[in-house]
Each structure stands twice: as structure tokens, then as C-alpha cells.
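Engineer: For reference, the structure I am asking about is given below.
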Amino acid sequence: MDLVAVVVVPARDEQDRIETCLEALAAQTVGLRAFETILVADRCRDRTEEVARETAERLGLSLTILEGPGEGSGPARGLGMDAAAERLRSLGLPRGLIATTDADSEPEPDWLERQLAHLERGADVIAGAIELAAEGTELPAAVLDRRRRDAARRMAEIAAIDPGAAHHHFAGASLGVSADVYRRVGGLEATPALEDEAFAGALALHKIQILRPADVRVRTAVRTDGRAARGLSVDLAVSTWLARRRYAATEFDLRRLRARRDRPSVTVVIPARECAATVAGVIETTVGPAYDAGLVDQVVVVDAASADGTADRAAAAGATVMQQNELEPELGPALGKGDAMWRALAATDGEIICFLDADTEDPDPGHLLGLLGPLLTDPQIALVKGAFARPFNAGGRALADEGGRVTELMARPLLNLHFPLLAGFTQPLAGEFAARRRLLERLPFPVGYGIEVALLIDALDELGLDALAECGLGSRQNRHQPLRALGEMAFAVLAAVERRIEGPRSATGGQFLRPWEDGRVVRVPVGERPPLNSPSEVVVGEPQASVRL
């Protein structure tokens, strides 16, 4: 058979998998003369290119290697598919097949033959079925169950549009399109990831039908450390995390935790501002039993010069009270909640630091045990975030799940967009969390309300998802801020996340305009304190608008 197809394979640091992929292509039943292969080596730092060349030479596979832009799977795949379209055009093959798969996937031997047959019968786009490799059966049962549920839901959605579809898949691991249709829709959008979804949208706009046959199949590797920012590996990583690293406070018993011989020292830190009505309850009810049992070694309330007697109530309840402005006084007044936490970290010495809210109206010992339990029972865990139902108190009536407005409207959408590995956290802004000191001292601390989301992102970058956990603490009732005040909190969260995204930053300096106050501009604290083990320990710039060194 003469040349009728070009196969595109994007690859980034795939030296251990590219040989298997190319061997599967060399075994295609259409024969080696029927297709060429384009490998887009996307700024590889390993031997991917060398292994690919050696394999192609050994197998007699026609291989062209292009240098990818290093901007994600979308630009790399698009570069290769554009080159494939041009190659087929130069040969006078407008209905030639552009097929693409992934470097960690193995097409079945008849993968190309089946696609060409469907193309011959009039199909324009062929989406193949994607099966998990054999190691997929070793995934946790909860992960497999979740995948089955998701697959059934997606299949129902597809069947409502295309009753003849044999499966729900549409992914770069198994995709074929005629060269003329590829050019007609404008090619593949150069999104860093999920380029296949963008391509499906372009096809829909042009009213081009996708064929989803059962006889076009690939097997793809089961891994949670894929190179793409999105896709199967991220889905598996999050699903596995949900199965392994989510806990409930009821799983942890005070007596058993206290009995562990290898127990590290524990310091509880409670930042407080005008919390006289609730701080004693947090100390006595949430922390008291664990402190009396010897599980907690130190209880510290870091007060923000409260005028309502918060410090006196905390001291009377048995806590050590520290005024935030008196910690590291040479740095000037504390700039916000995160700054107070950073100073408290420097002023204490517990091997595990647990931060609790001072304004909790319904304290419970399980709140503390749920945060400490995973850290005390699993040395691989370095940080535990609290999660709880957040009812909203509206005129004495509790509205279920209506609290946590900044979380739902700002933090969770940002994480889903930019840090999808953290999308499984129910409440990324929860102020109640516990972590090992050795981790916290390596992380920068935003001085204001960006502290919780920033620590979560930086901890992921430092140690990976499996070192992070979340524990359900039941239901919590905290004070609710006025809606306009939430805008400034959301601004601080946005600034902290933006600092952790590659690319240029907005030059706001923390300036936030209040149009309801005749255009008054206030400064939201968006600066960051450096890691405690950093040689620099100051935040420079204007107070309330400082920047990290």
C-alpha cells in the first residue's frame, strides 16, 4: 500500500515508553509503507529522541522528529498535525489520514487499518476507544468505581446526541481526521492541555460528525505522573488521592493517638481578632482534652490587639497569649493573618503545627483530632486540611452549603483552572490545618488572606499530592463577612494564586478600589514573607503593599 497516513506522537521525557509505542506502530497491519510517523519531542530532557531514532531504525519505521515548543501537549500535538497535513497536501492526498496517539499508548495492530476503512466509507473524524493497560486493574476499587460511574454518565450524554456511538472517548491518545477536514476547521488549537476537547468544539461549530467506532482501539498507560497538565493522568491522580487521602475525624481516637511512642511534639496556634465570645470555647472544648492527655504540648493564641478582651479570655482558658505585633517587632506591625501565622511559626517549636480558627461557634474535640490524626499515623503525610459543611446563617435560619462563598466563587475555580491536582480539596481556604514544621519552614507565607491557598499550592509543588490530605470535621458555623468585604478577601486569594502561575503578573500593588465609597482605594495585603529558612526575613516595600524578596 502506498503512503496514505501520517501518525503524530507528541512526547516529553518519555524515554521509558516511546519504544513500546513505536513498536506498536511498526506492527500495524497496513504495512510500513502506508504511513509515516512524526514524533514531536517537546523539549525533552532525557533520551526520548535517541531511543526513538534507534527504535525506528531497528524496525524500519519512517520517522521524522520535530522539536516541540515546550508549552504543553496541545502546541506539540498541533505542531505535528500541522506538519502531517502539509505532508499529505504535498502528496496530493486531501483525504489522507492524520492519526495521533500518545507516547505512553499502544495502538492495536489494526488501528490504522480500521481508521482508513472508516475514512473510505465517508467518515471525517474517528475517535478510537481507549482502554487502560493491564495495571489499571490494580487501581483502588473506589477509583475504578468512580471511573465506571463517570463513563456511564458521559456515555449517556454522547448517546443522546449520537445513538450510534460505541463509546464516549474523544482523546489525543486515539484520534484520526482527514487532512481536508483538519484544514477546514483551522487545525488544532494550541491550548497547553485538553486540546482534544477544544478540537471537538471546533468540529461541532463546523457541524462535522465524530465517528466513535468500537473497532479502533488503543491501550494507554496507567499513571498519575503524566506530562500533560490535564488528562487521564491528572484524573487518576485526583481519584487515587480521593480514595487514599480523605479522612473523617471519627476515625481518630484520642487515647490511641496519645499511646503512639513515636509521637512528635504538637503546637496549636490560634490566630484571633475580636473573638472574645468564642476563643475560650475553642481552647477548652477543641484543644483541652488533647492537651490534658498530653497529645498537645503547647497552645498559643496570637492576638491582633483585640479590643474586646480576646486576650484575657484566651489566657483565662489556659492558652499562652502572644500579641502579633510583639513577635518579630523589628519588622513592624503584622500585615495580616498570614503574617501573624508566620511570626507564630518562628516563635514556637512544635514538630507539628496545627492552626485553628478562634471564631468557631460550635467547637468539638474531633476538629483537632481529625487534623492531627493523619499526621500522627502516617509519616508520609505532611499537611492536613480541614473540611466541613458550611451552613449560612440567614436571619436565624441555617442554609445548608451556602457558606464559604470565597471558596466556591474564587478559590475552587482558580484551582480547577490552574492547579487541577488540588481540585479534590473541598475547602482549600480552610483556616484549620496542620502540617509538619519541616515543610512549613520551607514555604513562603502570604501576609494576608492568600495564606491558605498559597501554602496548599506550594506544598503540592514541594512534596507532591500524596503528601497532602483532607479530613472531614463535621459541620462548622463561623462568623460570616459582609459581601463587599469578601471581595477584598477574594482579591488576596487571586493575587496569591497568580503569583504561582507562570507568566507576567498584574502590577496592582494590592490596590483595590471601592466604588461605593466614591472611588476610595485601599491596599489589600498581598506581600509574602519568605521561608523561615531563607537568608532574607523581611518583606520590603510600602506597608500593606509589600513584595517578596
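The way I read the labels, and the way they are meant: chains A, B, ... in the order of the C-alpha cells, residue 1 as the first residue of every chain, and ligand 1 as the first ligand shown, with later ones counted on from there.
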Can you list, as a PyMOL selection string, every protein, DNA or RNA residue that comes within 12 Å of A:Ile210 when you count only C-alpha atoms, leaving out same-chain residues fewer than 6 positions away?

Structural biologist: chain A and resi 118-119+122-128+158+161-171+175-178+181+199-204

Engineer: Write out as an MDAnalysis selection string which residues come within 9 Å of A:Glu36 when counting only C-alpha atoms, dropping same-chain ones fewer than 6 positions away.

Structural biologist: chainID A and resid 3:8 61:64 84

Engineer: Please extract the residues of stretch 39-122 of chain A with a backbone DSSP assignment of strand (DSSP E) and present them as a ChimeraX atom specification.

Structural biologist: /A:39-41,63-67,97-100,105-107

Engineer: Residues at most 10 Å from A:Gln323, counting only C-alpha atoms, excluding those fewer than 2 positions away in the same chain, as a PyMOL selection string?

Structural biologist: chain A and resi 271-272+301-306+311+321+325-327+334+340+344

Engineer: Those residues you just picked out, can you put them in a file as a PDB file, in the first residue's frame with C-alpha atoms?

Structural biologist:
```
ATOM      1  CA  PRO A 271      -4.880  33.449  65.351  1.00  0.00           C
ATOM      2  CA  ALA A 272      -7.541  35.731  66.853  1.00  0.00           C
ATOM      3  CA  VAL A 301      -3.261  32.367  70.816  1.00  0.00           C
ATOM      4  CA  VAL A 302      -1.815  35.049  68.526  1.00  0.00           C
ATOM      5  CA  ASP A 303      -3.949  38.104  69.169  1.00  0.00           C
ATOM      6  CA  ALA A 304      -4.329  41.036  66.782  1.00  0.00           C
ATOM      7  CA  ALA A 305      -4.623  43.671  69.529  1.00  0.00           C
ATOM      8  CA  SER A 306      -8.291  42.828  70.039  1.00  0.00           C
ATOM      9  CA  ALA A 311      -6.523  38.024  75.039  1.00  0.00           C
ATOM     10  CA  VAL A 321      -1.173  34.621  74.532  1.00  0.00           C
ATOM     11  CA  ASN A 325       2.858  42.941  66.740  1.00  0.00           C
ATOM     12  CA  GLU A 326       5.249  41.940  69.518  1.00  0.00           C
ATOM     13  CA  LEU A 327       6.542  38.959  67.547  1.00  0.00           C
ATOM     14  CA  ALA A 334       1.897  42.464  61.428  1.00  0.00           C
ATOM     15  CA  ALA A 340       0.712  36.524  62.257  1.00  0.00           C
ATOM     16  CA  ALA A 344       3.925  32.368  65.371  1.00  0.00           C
TER      17      ALA A 344
END
```

Engineer: Please identify all polymer residues within 12 Å of A:Thr348, counting only C-alpha atoms, omitting same-chain residues fewer than 5 positions from it, and present them as a ChimeraX atom specification.

Structural biologist: /A:265-269,297-302,320,322,327,341-343,353-354,437,441

Engineer: Write a file of the selected residues as a tab-separated table (two decimals), in the first residue's frame, keeping C-alpha atoms.

Structural biologist:
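File produced: result_22.tsv:
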```tsv
chain	number	residue	atom	x	y	z
A	265	SER	CA	5.60	17.38	69.66
A	266	VAL	CA	2.48	19.37	68.78
A	267	THR	CA	1.83	23.11	68.98
A	268	VAL	CA	-1.65	24.52	68.42
A	269	VAL	CA	-1.74	28.09	67.11
A	297	ASP	CA	2.37	20.27	74.09
A	298	GLN	CA	1.64	23.97	73.59
A	299	VAL	CA	-1.43	26.13	72.96
A	300	VAL	CA	-0.77	29.63	71.62
A	301	VAL	CA	-3.26	32.37	70.82
A	302	VAL	CA	-1.81	35.05	68.53
A	320	THR	CA	-0.24	31.27	76.07
A	322	MET	CA	1.19	36.38	72.14
A	327	LEU	CA	6.54	38.96	67.55
A	341	MET	CA	0.91	32.81	61.42
A	342	TRP	CA	4.44	33.20	60.03
A	343	ARG	CA	5.56	35.00	63.18
A	353	ILE	CA	1.89	22.93	63.98
A	354	CYS	CA	-1.91	22.96	63.99
A	437	ARG	CA	7.28	22.15	60.75
A	441	GLU	CA	9.64	26.39	57.24
```

Engineer: Tell me which protein, DNA and RNA residues are within 7 Å of A:Pro109, counting only C-alpha atoms, leaving out same-chain ones fewer than 6 positions away, and put them as a list in words.

Structural biologist: Ala24, Ala27, Gln28 and Thr29 of chain A

Engineer: Between A:Ile501, A:Cys471, A:Leu465, A:Leu369, which one has atoms that come closest to A:Leu295, using only C-alpha atoms?

Structural biologist: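 Between A:Ile501, A:Cys471, A:Leu465, A:Leu369, the residue approaching A:Leu295 most closely is A:Leu369.
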